[in-house]
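Trainee: File protein.cif follows (mmCIF, C-alpha atoms):
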data_coords
loop_
_atom_site.label_atom_id
_atom_site.label_comp_id
_atom_site.auth_asym_id
_atom_site.auth_seq_id
_atom_site.Cartn_x
_atom_site.Cartn_y
_atom_site.Cartn_z
CA MET M 134 27.96 117.91 -19.18
CA ALA M 135 25.28 117.59 -16.51
CA GLN M 136 26.87 116.33 -13.30
CA LYS M 137 24.49 114.44 -11.04
CA SER M 138 25.22 112.74 -7.75
CA ILE M 139 24.32 109.10 -7.24
CA TYR M 140 23.75 107.01 -4.15
CA GLU M 141 26.78 105.41 -2.50
CA TYR M 142 25.10 102.04 -2.99
CA ASP M 143 24.93 102.59 -6.76
CA ALA M 144 28.45 104.03 -6.91
CA LYS M 145 29.92 100.98 -5.17
CA LYS M 146 27.95 98.58 -7.33
CA LEU M 147 29.07 100.34 -10.52
CA ILE M 148 32.73 100.69 -9.58
CA THR M 149 33.20 97.19 -8.22
CA SER M 150 31.40 95.60 -11.17
CA GLN M 151 33.73 97.37 -13.63
CA LEU M 152 37.10 97.16 -11.87
CA PRO M 153 37.65 93.46 -12.72
CA LYS M 154 37.82 94.48 -16.40
CA TYR M 155 41.07 96.28 -15.61
CA ILE M 156 42.23 94.43 -12.48
CA PRO M 157 41.39 90.74 -13.14
CA ASP M 158 42.16 89.68 -9.57
CA PHE M 159 40.06 92.43 -7.95
CA LYS M 160 37.42 90.94 -5.69
CA TYR M 161 34.65 92.61 -3.72
CA HIS M 162 32.28 91.14 -1.17
CA ASN M 163 29.16 92.53 -2.91
CA LYS M 164 27.35 92.56 0.41
CA LEU M 165 25.26 95.73 0.37
CA ALA M 166 21.72 96.24 1.64
CA ILE M 167 19.42 99.26 1.69
CA VAL M 168 17.04 99.89 4.58
CA ASP M 169 14.42 102.61 4.24
CA LYS M 170 11.34 103.52 6.24
CA GLU M 171 9.26 100.98 4.33
CA THR M 172 11.72 98.11 4.75
CA ASP M 173 10.77 94.93 6.58
CA LEU M 174 13.93 94.27 8.59
CA ASP M 175 13.14 90.57 8.88
CA LYS M 176 12.98 90.31 5.10
CA VAL M 177 16.33 92.10 4.85
CA ILE M 178 17.84 89.20 6.84
CA VAL M 179 16.25 86.63 4.57
CA ASP M 180 17.63 88.40 1.50
CA ASN M 181 21.01 89.16 3.13
CA PRO M 182 21.80 86.40 5.66
CA TRP M 183 25.35 87.73 6.12
CA ILE M 184 23.92 90.57 8.24
CA LYS M 185 23.12 88.14 11.04
CA ASN M 186 26.45 86.35 10.82
CA GLU M 187 28.85 89.29 10.52
CA LYS M 188 29.56 92.60 12.18
CA VAL M 189 28.17 95.45 10.09
CA VAL M 190 28.40 99.15 9.33
CA VAL M 191 25.20 101.23 9.07
CA LYS M 192 25.19 104.76 7.63
CA PRO M 193 22.93 107.20 5.75
CA ASP M 194 22.94 107.02 1.95
CA GLN M 195 21.35 110.39 1.10
CA LEU M 196 24.03 112.52 -0.56
CA PHE M 197 25.50 114.17 2.49
CA GLY M 198 28.90 113.73 4.05
CA LYS M 199 30.49 114.01 7.48
CA ARG M 200 28.23 111.23 8.73
CA GLY M 201 30.71 110.23 11.41
CA LYS M 202 30.93 113.76 12.74
CA ALA M 203 27.11 113.84 12.86
CA ASN M 204 27.02 110.61 14.92
CA LEU M 205 25.18 108.84 12.13
CA LEU M 206 27.74 106.12 11.56
CA LEU M 207 27.32 102.78 13.34
CA LEU M 208 30.46 100.60 13.26
CA ASP M 209 31.25 97.03 14.21
CA ALA M 210 27.62 96.35 15.10
CA ASP M 211 25.71 93.11 15.49
CA TYR M 212 22.24 92.48 14.11
CA ASP M 213 20.38 93.71 17.20
CA GLU M 214 22.39 96.95 17.26
CA MET M 215 21.75 97.41 13.56
CA LYS M 216 17.98 97.02 14.02
CA LYS M 217 17.94 99.44 16.94
CA PHE M 218 19.92 102.04 14.97
CA CYS M 219 17.60 101.76 11.97
CA LYS M 220 14.42 102.01 14.04
CA SER M 221 15.63 104.96 16.11
CA ASN M 222 17.01 107.05 13.24
CA LEU M 223 14.83 106.43 10.19
CA LYS M 224 12.14 109.11 9.79
CA ARG M 225 13.97 111.44 12.19
CA VAL M 226 14.68 115.00 11.06
CA PHE M 227 18.32 116.05 11.19
CA GLU M 228 20.14 119.26 10.36
CA ILE M 229 23.18 118.65 8.18
CA SER M 230 25.26 121.63 7.01
CA ASN M 231 22.36 123.97 7.88
CA VAL M 232 19.90 121.89 5.84
CA GLN M 233 17.05 120.08 7.56
CA GLY M 234 15.81 116.83 6.17
CA GLU M 235 14.32 113.48 7.07
CA LEU M 236 16.58 110.45 7.25
CA LYS M 237 14.95 108.06 4.79
CA ARG M 238 17.62 105.64 3.62
CA LEU M 239 20.43 103.65 5.28
CA LEU M 240 23.19 101.54 3.76
CA VAL M 241 24.24 98.33 5.54
CA GLU M 242 27.51 96.56 4.68
CA PRO M 243 30.09 94.35 6.39
CA PHE M 244 32.47 95.90 8.90
CA ILE M 245 36.00 95.57 7.52
CA PRO M 246 38.69 95.52 10.23
CA HIS M 247 41.65 97.67 9.17
CA GLU M 248 44.48 99.66 10.67
CA LYS M 249 45.05 102.39 8.07
CA GLU M 250 42.78 104.43 5.80
CA TYR M 251 43.69 105.81 2.39
CA TYR M 252 42.19 108.50 0.17
CA VAL M 253 41.76 108.68 -3.61
CA SER M 254 39.61 110.85 -5.83
CA ILE M 255 39.46 111.80 -9.49
CA THR M 256 38.31 115.17 -10.83
CA SER M 257 38.46 116.89 -14.20
CA ASN M 258 39.26 120.30 -15.62
CA ARG M 259 39.58 121.67 -19.16
CA ASP M 260 43.02 120.24 -19.86
CA SER M 261 43.29 117.12 -17.74
CA ASP M 262 41.84 114.64 -15.32
CA ILE M 263 43.44 114.79 -11.89
CA ILE M 264 44.14 111.91 -9.52
CA HIS M 265 44.30 112.90 -5.85
CA PHE M 266 45.90 110.44 -3.42
CA SER M 267 46.80 110.46 0.27
CA PHE M 268 47.88 108.11 3.04
CA GLU M 269 45.72 110.22 5.38
CA GLY M 270 42.19 109.13 4.45
CA GLY M 271 39.15 109.39 6.67
CA ILE M 272 37.00 112.07 8.26
CA PHE M 273 39.90 114.49 8.70
CA ILE M 274 40.97 114.57 5.05
CA GLU M 275 40.14 118.26 4.76
CA GLU M 276 42.34 119.09 7.73
CA ASN M 277 45.13 117.05 6.09
CA TRP M 278 44.64 118.34 2.53
CA ASP M 279 48.25 119.53 2.41
CA LYS M 280 49.26 115.86 2.49
CA VAL M 281 47.28 115.00 -0.66
CA HIS M 282 49.28 114.39 -3.86
CA HIS M 283 47.66 115.77 -7.03
CA ILE M 284 48.62 114.12 -10.34
CA PRO M 285 47.30 115.71 -13.58
CA ILE M 286 46.63 113.19 -16.37
CA PRO M 287 46.52 115.06 -19.72
CA ILE M 288 43.42 114.42 -21.83
CA GLY M 289 43.97 111.47 -24.15
CA THR M 290 46.67 109.84 -22.01
CA ASP M 291 46.83 106.05 -21.94
CA ILE M 292 46.88 105.47 -18.19
CA ASN M 293 48.39 102.01 -18.70
CA THR M 294 51.62 103.53 -20.03
CA PHE M 295 51.58 106.57 -17.72
CA ASP M 296 54.40 106.63 -15.14
CA LEU M 297 52.18 106.94 -12.09
CA LYS M 298 54.78 105.52 -9.71
CA SER M 299 57.12 108.51 -10.08
CA LYS M 300 54.28 110.94 -9.31
CA LEU M 301 53.26 109.28 -6.05
CA PRO M 302 55.02 109.09 -2.68
CA ASN M 303 56.82 105.90 -1.70
CA LEU M 304 54.05 103.31 -1.48
CA GLY M 305 56.18 100.72 0.25
CA GLN M 306 54.88 97.16 0.47
CA TYR M 307 51.55 98.14 -1.12
CA GLU M 308 52.97 99.54 -4.37
CA GLY M 309 51.98 96.45 -6.32
CA VAL M 310 48.42 96.79 -5.06
CA LEU M 311 47.86 100.56 -5.10
CA ILE M 312 49.17 101.45 -8.55
CA PRO M 313 47.02 98.87 -10.42
CA PHE M 314 44.03 99.89 -8.29
CA ILE M 315 44.41 103.61 -9.02
CA LYS M 316 44.95 102.98 -12.73
CA GLY M 317 41.96 100.65 -12.89
CA LEU M 318 39.82 103.15 -11.02
CA PHE M 319 40.88 105.84 -13.48
CA GLN M 320 39.78 103.67 -16.41
CA VAL M 321 36.41 103.06 -14.79
CA PHE M 322 36.09 106.82 -14.21
CA LYS M 323 36.69 107.51 -17.90
CA ASP M 324 34.78 104.62 -19.42
CA GLN M 325 31.66 105.07 -17.28
CA ASP M 326 31.51 108.88 -17.69
CA PHE M 327 32.04 109.82 -14.09
CA ALA M 328 32.29 113.56 -13.50
CA PHE M 329 33.63 113.13 -9.96
CA LEU M 330 34.69 110.11 -7.94
CA GLU M 331 35.96 109.98 -4.37
CA ILE M 332 36.76 106.97 -2.20
CA ASN M 333 37.38 108.22 1.31
CA PRO M 334 38.50 106.08 2.84
CA PHE M 335 39.51 102.78 1.33
CA ALA M 336 41.30 100.07 3.28
CA ILE M 337 43.85 97.41 2.47
CA THR M 338 43.16 94.14 4.28
CA LYS M 339 45.74 91.67 5.61
CA ASP M 340 45.58 89.68 2.36
CA LYS M 341 46.28 92.93 0.45
CA SER M 342 42.76 93.28 -0.92
CA ILE M 343 41.46 96.82 -1.44
CA VAL M 344 37.99 97.56 -0.05
CA PRO M 345 36.18 100.87 -0.76
CA LEU M 346 34.62 101.97 2.52
CA ASP M 347 32.97 105.32 1.69
CA VAL M 348 32.26 106.50 -1.86
CA LYS M 349 30.93 109.75 -3.31
CA ALA M 350 30.31 110.05 -7.04
CA ARG M 351 28.73 112.12 -9.76
CA LEU M 352 27.96 110.93 -13.27
CA ASP M 353 27.50 112.84 -16.52
CA ASP M 354 23.81 112.00 -16.87
CA THR M 355 23.74 112.96 -20.56
CA ALA M 356 25.70 109.74 -21.16
CA GLN M 357 23.00 107.54 -19.66
CA PHE M 358 21.91 106.16 -23.02
CA LEU M 359 25.48 104.88 -23.59
CA HIS M 360 25.54 102.81 -20.42
CA GLN M 361 22.25 100.98 -20.22
CA ASP M 362 24.16 97.75 -19.65
CA THR M 363 26.09 99.09 -16.63
CA TRP M 364 23.88 101.88 -15.23
CA GLY M 365 21.06 99.48 -14.52
CA ASN M 366 18.43 98.73 -17.13
CA PRO M 367 15.37 100.53 -18.59
CA ASP M 368 13.13 99.01 -15.92
CA ASN M 369 15.52 99.77 -13.05
CA PRO M 370 17.92 102.58 -14.09
CA ILE M 371 20.53 104.09 -11.84
CA GLU M 372 18.99 106.83 -9.69
CA PHE M 373 19.90 110.50 -9.64
CA PRO M 374 18.36 111.47 -6.29
CA ALA M 375 17.62 114.96 -5.08
CA GLY M 376 19.87 116.42 -2.42
CA PHE M 377 19.29 115.87 1.28
CA GLY M 378 16.33 117.90 2.51
CA THR M 379 14.98 118.41 -1.01
CA VAL M 380 11.38 117.34 -1.57
CA MET M 381 10.38 117.15 -5.21
CA SER M 382 6.90 118.22 -6.25
CA ASN M 383 4.74 115.91 -8.35
CA GLU M 384 5.47 118.04 -11.41
CA GLU M 385 9.24 117.99 -10.85
CA GLU M 386 9.16 114.25 -10.31
CA LYS M 387 7.13 113.82 -13.50
CA ILE M 388 9.64 115.75 -15.62
CA LYS M 389 12.56 113.98 -13.95
CA LYS M 390 11.12 110.60 -14.94
CA LEU M 391 10.41 111.87 -18.45
CA ASP M 392 13.98 113.13 -18.72
CA GLU M 393 15.30 109.69 -17.77
CA LYS M 394 13.40 108.09 -20.66
CA THR M 395 14.91 110.21 -23.42
CA GLY M 396 18.32 111.11 -24.80
CA ALA M 397 17.17 114.74 -24.79
CA SER M 398 17.23 116.98 -21.73
CA LEU M 399 14.09 118.04 -19.84
CA LYS M 400 14.59 119.86 -16.54
CA LEU M 401 12.20 121.62 -14.18
CA THR M 402 12.60 123.26 -10.78
CA ILE M 403 9.64 125.09 -9.28
CA LEU M 404 10.59 128.31 -7.49
CA ASN M 405 7.27 130.02 -6.79
CA LYS M 406 3.91 128.49 -7.69
CA ASN M 407 2.28 131.90 -7.38
CA GLY M 408 4.83 133.58 -9.64
CA ARG M 409 3.66 135.61 -12.61
CA VAL M 410 6.68 134.90 -14.80
CA TRP M 411 7.31 131.40 -16.16
CA THR M 412 9.79 130.17 -18.71
CA MET M 413 10.05 127.35 -21.20
CA VAL M 414 13.55 127.81 -22.51
CA ALA M 415 15.47 125.76 -25.06
CA GLY M 416 19.02 125.10 -23.89
CA GLY M 417 20.84 125.10 -20.56
CA GLY M 418 22.89 128.19 -21.39
CA ALA M 419 19.82 130.06 -22.60
CA SER M 420 17.95 129.19 -19.40
CA VAL M 421 20.69 130.87 -17.37
CA ILE M 422 20.60 133.97 -19.59
CA TYR M 423 16.82 134.31 -19.37
CA THR M 424 16.78 133.76 -15.61
CA ASP M 425 19.58 136.26 -15.03
CA THR M 426 17.84 138.84 -17.23
CA ILE M 427 14.54 138.39 -15.39
CA ALA M 428 16.35 138.87 -12.07
CA ASP M 429 18.37 141.86 -13.36
CA LEU M 430 15.13 143.57 -14.35
CA GLY M 431 13.87 143.26 -10.78
CA LEU M 432 11.41 140.44 -11.44
CA GLY M 433 13.21 137.60 -9.69
CA SER M 434 10.57 137.37 -6.97
CA GLU M 435 7.94 136.74 -9.67
CA LEU M 436 9.86 133.88 -11.34
CA GLY M 437 7.86 130.69 -11.11
CA ASN M 438 10.36 128.14 -12.36
CA TYR M 439 13.81 127.32 -13.64
CA GLY M 440 14.42 124.70 -16.30
CA GLU M 441 15.17 123.91 -19.90
CA TYR M 442 14.49 121.55 -22.77
CA SER M 443 17.22 120.68 -25.26
CA GLY M 444 18.80 117.90 -27.27
CA ASN M 445 16.00 117.75 -29.85
CA PRO M 446 13.23 116.23 -27.72
CA SER M 447 10.37 114.59 -29.59
CA GLN M 448 7.13 116.44 -30.22
CA GLU M 449 5.39 114.13 -27.72
CA HIS M 450 7.90 114.82 -24.94
CA THR M 451 7.87 118.54 -25.64
CA GLU M 452 4.08 118.54 -25.40
CA ILE M 453 4.18 116.81 -22.01
CA TYR M 454 6.78 119.30 -20.80
CA ALA M 455 4.79 122.28 -22.10
CA GLN M 456 1.55 120.97 -20.63
CA THR M 457 3.22 120.66 -17.23
CA ILE M 458 4.39 124.29 -17.39
CA ILE M 459 0.96 125.48 -18.54
CA ASP M 460 -0.78 123.57 -15.74
CA LEU M 461 1.52 125.25 -13.23
CA ILE M 462 1.18 128.80 -14.54
CA THR M 463 -2.61 128.53 -14.67
CA GLU M 464 -3.07 126.77 -11.32
CA HIS M 465 -3.12 130.02 -9.30
CA PRO M 466 -4.45 133.02 -11.27
CA ASP M 467 -3.19 136.36 -9.97
CA GLN M 468 -5.43 137.60 -7.14
CA LYS M 469 -5.35 141.12 -8.60
CA GLU M 470 -6.22 139.71 -12.05
CA ARG M 471 -2.94 140.95 -13.50
CA PRO M 472 -1.51 139.07 -16.50
CA LYS M 473 0.88 136.19 -16.16
CA TYR M 474 3.69 135.67 -18.66
CA LEU M 475 5.07 132.53 -20.28
CA ILE M 476 8.35 133.08 -22.13
CA VAL M 477 9.02 130.41 -24.75
CA GLY M 478 12.59 131.38 -25.45
CA GLY M 479 15.86 130.19 -26.86
CA GLY M 480 18.80 131.00 -29.07
CA ILE M 481 19.38 129.71 -32.59
CA ALA M 482 19.38 125.92 -32.42
CA ASN M 483 21.95 123.81 -34.22
CA PHE M 484 19.89 120.67 -34.64
CA THR M 485 16.74 120.89 -32.48
CA ASP M 486 13.76 120.93 -34.87
CA VAL M 487 11.87 124.13 -34.01
CA LYS M 488 8.79 123.07 -35.96
CA ALA M 489 8.56 119.69 -34.19
CA THR M 490 9.11 121.05 -30.68
CA PHE M 491 6.77 123.99 -31.28
CA GLY M 492 4.24 121.51 -32.60
CA GLY M 493 4.24 119.93 -29.15
CA ILE M 494 3.85 123.33 -27.48
CA VAL M 495 0.98 124.23 -29.82
CA ASN M 496 -0.82 121.00 -28.93
CA ALA M 497 -0.52 121.82 -25.24
CA ILE M 498 -1.85 125.35 -25.83
CA LYS M 499 -4.85 124.04 -27.77
CA LYS M 500 -5.74 121.72 -24.90
CA SER M 501 -5.48 124.55 -22.37
CA VAL M 502 -7.22 127.51 -24.01
CA ASP M 503 -9.84 128.08 -21.32
CA LYS M 504 -7.47 128.00 -18.37
CA LEU M 505 -4.86 130.12 -20.18
CA LYS M 506 -7.50 132.78 -20.70
CA LYS M 507 -8.84 132.45 -17.16
CA ALA M 508 -5.33 132.98 -15.77
CA ASN M 509 -4.79 135.87 -18.20
CA VAL M 510 -1.60 134.36 -19.64
CA ILE M 511 0.42 136.21 -22.27
CA ILE M 512 2.93 134.10 -24.22
CA LEU M 513 6.10 135.64 -25.66
CA VAL M 514 8.11 133.57 -28.14
CA ARG M 515 11.68 133.96 -29.41
CA ARG M 516 13.45 131.15 -31.28
CA GLY M 517 15.68 130.33 -34.23
CA GLY M 518 17.03 127.17 -35.80
CA PRO M 519 16.00 124.38 -38.18
CA ASN M 520 12.45 124.91 -39.51
CA GLU M 521 12.10 128.07 -37.43
CA LYS M 522 9.78 129.80 -39.93
CA GLN M 523 7.33 126.93 -39.87
CA GLY M 524 7.59 126.64 -36.09
CA LEU M 525 7.00 130.36 -35.48
CA GLU M 526 4.12 130.29 -37.94
CA LEU M 527 2.51 127.47 -35.92
CA MET M 528 2.70 129.67 -32.83
CA ARG M 529 1.28 132.68 -34.66
CA GLN M 530 -1.61 130.61 -36.03
CA VAL M 531 -2.54 129.05 -32.68
CA GLY M 532 -2.67 132.54 -31.17
CA GLU M 533 -5.05 133.74 -33.87
CA GLU M 534 -7.21 130.60 -33.70
CA THR M 535 -7.57 130.45 -29.92
CA GLY M 536 -7.42 134.10 -28.92
CA VAL M 537 -4.55 133.42 -26.50
CA PRO M 538 -2.24 136.47 -26.81
CA ILE M 539 1.07 135.36 -28.33
CA GLU M 540 3.88 137.68 -29.39
CA ILE M 541 6.46 136.32 -31.85
CA TYR M 542 10.15 137.26 -32.13
CA ASP M 543 12.48 135.58 -34.64
CA ARG M 544 16.27 135.28 -34.80
CA TYR M 545 16.62 138.93 -35.78
CA SER M 546 15.43 140.05 -32.34
CA SER M 547 17.82 139.83 -29.41
CA MET M 548 17.39 136.62 -27.44
CA THR M 549 16.18 138.45 -24.34
CA ARG M 550 13.86 140.85 -26.14
CA PRO M 551 10.75 139.03 -24.82
CA VAL M 552 11.96 139.60 -21.25
CA ALA M 553 12.42 143.32 -21.88
CA ARG M 554 8.98 143.46 -23.51
CA MET M 555 7.40 141.67 -20.54
CA ALA M 556 9.09 144.06 -18.12
CA GLU M 557 7.68 147.02 -20.08
CA LYS M 558 4.19 145.59 -19.79
CA MET M 559 4.52 144.90 -16.08
CA ARG M 560 5.84 148.41 -15.36
CA GLY M 561 2.86 149.85 -17.20
CA GLU M 562 0.28 148.03 -15.10
#
Could you quickly redo this structure as structure tokens?
Mentor:
Amino acid sequence: MAQKSIYEYDAKKLITSQLPKYIPDFKYHNKLAIVDKETDLDKVIVDNPWIKNEKVVVKPDQLFGKRGKANLLLLDADYDEMKKFCKSNLKRVFEISNVQGELKRLLVEPFIPHEKEYYVSITSNRDSDIIHFSFEGGIFIEENWDKVHHIPIPIGTDINTFDLKSKLPNLGQYEGVLIPFIKGLFQVFKDQDFAFLEINPFAITKDKSIVPLDVKARLDDTAQFLHQDTWGNPDNPIEFPAGFGTVMSNEEEKIKKLDEKTGASLKLTILNKNGRVWTMVAGGGASVIYTDTIADLGLGSELGNYGEYSGNPSQEHTEIYAQTIIDLITEHPDQKERPKYLIVGGGIANFTDVKATFGGIVNAIKKSVDKLKKANVIILVRRGGPNEKQGLELMRQVGEETGVPIEIYDRYSSMTRPVARMAEKMRGE
């Protein structure tokens, strides 16, 4: 499971669109607007006329919490106050939890008058999903965590028949509203492959309608292909934004967009563009092992990237991924003309076609022979799995044909042998 946070806007849209499947009388105002630094505020009014007729809430929607404590929460505001808040805060640099970043995106929604705030969240562990509920919702939930009730729901439980009432405190007059809401929310959590969901707070209005006020959520992004009807559409998919203060490079953004177009997994984080050690590792677990081994051998400061490819990506997608890595490793040749190292590593695959993926890597190598040689790149390969012999032979042949130094290790070598070999070479320089 790859847990990725989503915008509050998207979380609210997804949750409130799905809840009526389980709570037929659930209604939501669906009045949400995004204002960013490129937004024409006058056009926002045209598209969302309710903003001018109602009191509103304005708050950042950039994956950080404690917005009220940071004085970045505007409540019960009219249109003029909303415009002033947007103009004075967008593009400003703030420090949130010791991270500096530019405020780029604000969420505008109706102000909902209410007297009491409630808390609910759903998390998962190996044996169960857990519903967390409290009458003490709001910005001081952490200080009141001892008042939160935690209800484990064993894996496979039918929540409709689960006796939730006996596990919760006395809900009083709102029992008939809260229990269906929590059960419906749990079904949305399961059916839409949420990895984490928190509504803090939600309010109950005078007519006993439940309104989510603040929402945080993470989805299992490997399930995206299952939810194209609810997670947006191919032309406008749900976003998995980077964390506050994180600025993605062009290469990272390119691989992120490629990853979103395939059921496979393609990940890239650049650590040091001048690094001499780069990896192209098959599998998330293997990527951790290779990175840890590189660091344990004292070469962490030389590591250029962190990432992985897995889930049997096509030859075309693997070639694009490999070409991106090659472009990065060759962009800045070592000033002392020392070799750079590209480790094409992985364990023994269950279903990823080694020949097909290595075919993509070979194509990228063939297109990059001159710059690989100019940057003095040595490639070390270790892989096993379906069609591994043919795949490793492709790598051996491209090394002989192009003169790019490539060392081959099959399944009978330890998975981290190329890292040890690279370390030997670098110590001998």
Trainee: Within 9 Å of Thr338 (chain M), counting all atoms listed in the file, which residues show up once you throw out same-chain ones fewer than 2 positions away? Write them as a list of chain:residue names, please.
Mentor: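 So, after excluding close chain neighbours, the residues are M:Ile245, M:Pro246, M:His247, M:Glu248, M:Ala336, M:Asp340, M:Lys341, M:Ser342, M:Ile343, M:Val344.
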Trainee: Rank M:Lys400, M:Lys499, M:Arg409, M:Lys176 by their smallest atom-to-atom distance to Gly444 (chain M), using all atoms listed in the file, and report the top residue only.
Mentor: M:Lys400
Trainee: Show me as an MDAnalysis selection string the residues that reach within 6 Å of (39.5, 107.0, -3.5), counting all atoms listed in the file and using the file's own coordinates.
Mentor: chainID M and resid 252:254 331:333
Trainee: Could you state the separation of CA of Gln456 (chain M) and CA of Ile371 (chain M) in Å, given to one decimal place?
Mentor: 26.9 Å
Trainee: May I ask for the distance between CA of Gly437 (chain M) and CA of Leu404 (chain M), given in Å to one decimal place?
Mentor: 5.1 Å
Trainee: Please report the interatomic distance between CA of Ala553 (chain M) and CA of Gln530 (chain M) in Å with one decimal.
Mentor: 23.6 Å
Trainee: Have a look at M:Pro193, M:Gly417, M:Gly309, M:Pro243 and name the one nearest to Leu401 (chain M); count all atoms listed in the file.
Mentor: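 Distance minimum relative to Leu401 (chain M) lands on M:Gly417.
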Trainee: Residue by residue, what does the PyMOL selection byres ((chain M and resi 142) around 12) grab here? Present the result as number ranges by chain.
Mentor: M: 138-141, 143-149, 163-168, 192-196, 238-242, 345-350, 371-373
Trainee: For Gly408 (chain M), which residue among M:Gln468, M:Ser299, M:Asn204, M:Gln357 is the nearest when counting all atoms listed in the file?
Mentor: M:Gln468
Trainee: Anything within 7 Å of (35.7, 108.0, -12.8): list those residues as a PDB file with C-alpha atoms, in the frame of the given file, counting all atoms listed in the file and sticking to the file's coordinates.
Mentor:
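This went into out16.pdb:
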ATOM      1  CA  ILE M 255      39.460 111.800  -9.490  1.00  0.00           C
ATOM      2  CA  LEU M 318      39.820 103.150 -11.020  1.00  0.00           C
ATOM      3  CA  PHE M 319      40.880 105.840 -13.480  1.00  0.00           C
ATOM      4  CA  GLN M 320      39.780 103.670 -16.410  1.00  0.00           C
ATOM      5  CA  VAL M 321      36.410 103.060 -14.790  1.00  0.00           C
ATOM      6  CA  PHE M 322      36.090 106.820 -14.210  1.00  0.00           C
ATOM      7  CA  LYS M 323      36.690 107.510 -17.900  1.00  0.00           C
ATOM      8  CA  GLN M 325      31.660 105.070 -17.280  1.00  0.00           C
ATOM      9  CA  ASP M 326      31.510 108.880 -17.690  1.00  0.00           C
ATOM     10  CA  PHE M 327      32.040 109.820 -14.090  1.00  0.00           C
ATOM     11  CA  ALA M 328      32.290 113.560 -13.500  1.00  0.00           C
ATOM     12  CA  PHE M 329      33.630 113.130  -9.960  1.00  0.00           C
ATOM     13  CA  LEU M 330      34.690 110.110  -7.940  1.00  0.00           C
TER      14      LEU M 330
END
Trainee: Run through the PyMOL selection byres ((chain M and resi 411) around 7) on the given coordinates and return the selected residues as a list of chain:residue names.
Mentor: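 With the shown file as input, the PyMOL selection byres ((chain M and resi 411) around 7) matches M:Arg409, M:Val410, M:Thr412, M:Leu436, M:Gly437, M:Asn438, M:Ile462, M:Tyr474, M:Leu475, M:Ile476.
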Trainee: Could you write out the selected residues, including C-alpha atoms, as a PDB file, in the frame of the given file?
Mentor:
ATOM      1  CA  ARG M 409       3.660 135.610 -12.610  1.00  0.00           C
ATOM      2  CA  VAL M 410       6.680 134.900 -14.800  1.00  0.00           C
ATOM      3  CA  THR M 412       9.790 130.170 -18.710  1.00  0.00           C
ATOM      4  CA  LEU M 436       9.860 133.880 -11.340  1.00  0.00           C
ATOM      5  CA  GLY M 437       7.860 130.690 -11.110  1.00  0.00           C
ATOM      6  CA  ASN M 438      10.360 128.140 -12.360  1.00  0.00           C
ATOM      7  CA  ILE M 462       1.180 128.800 -14.540  1.00  0.00           C
ATOM      8  CA  TYR M 474       3.690 135.670 -18.660  1.00  0.00           C
ATOM      9  CA  LEU M 475       5.070 132.530 -20.280  1.00  0.00           C
ATOM     10  CA  ILE M 476       8.350 133.080 -22.130  1.00  0.00           C
TER      11      ILE M 476
END
Trainee: Just say which residues the PyMOL selection byres ((chain M and resi 507) around 12) picks in this file, as a list of chain:residue names.
Mentor: M:Ile462, M:Thr463, M:Glu464, M:His465, M:Pro466, M:Asp467, M:Gln468, M:Glu470, M:Arg471, M:Pro472, M:Lys473, M:Ser501, M:Val502, M:Asp503, M:Lys504, M:Leu505, M:Lys506, M:Ala508, M:Asn509, M:Val510, M:Ile511, M:Gly536, M:Val537
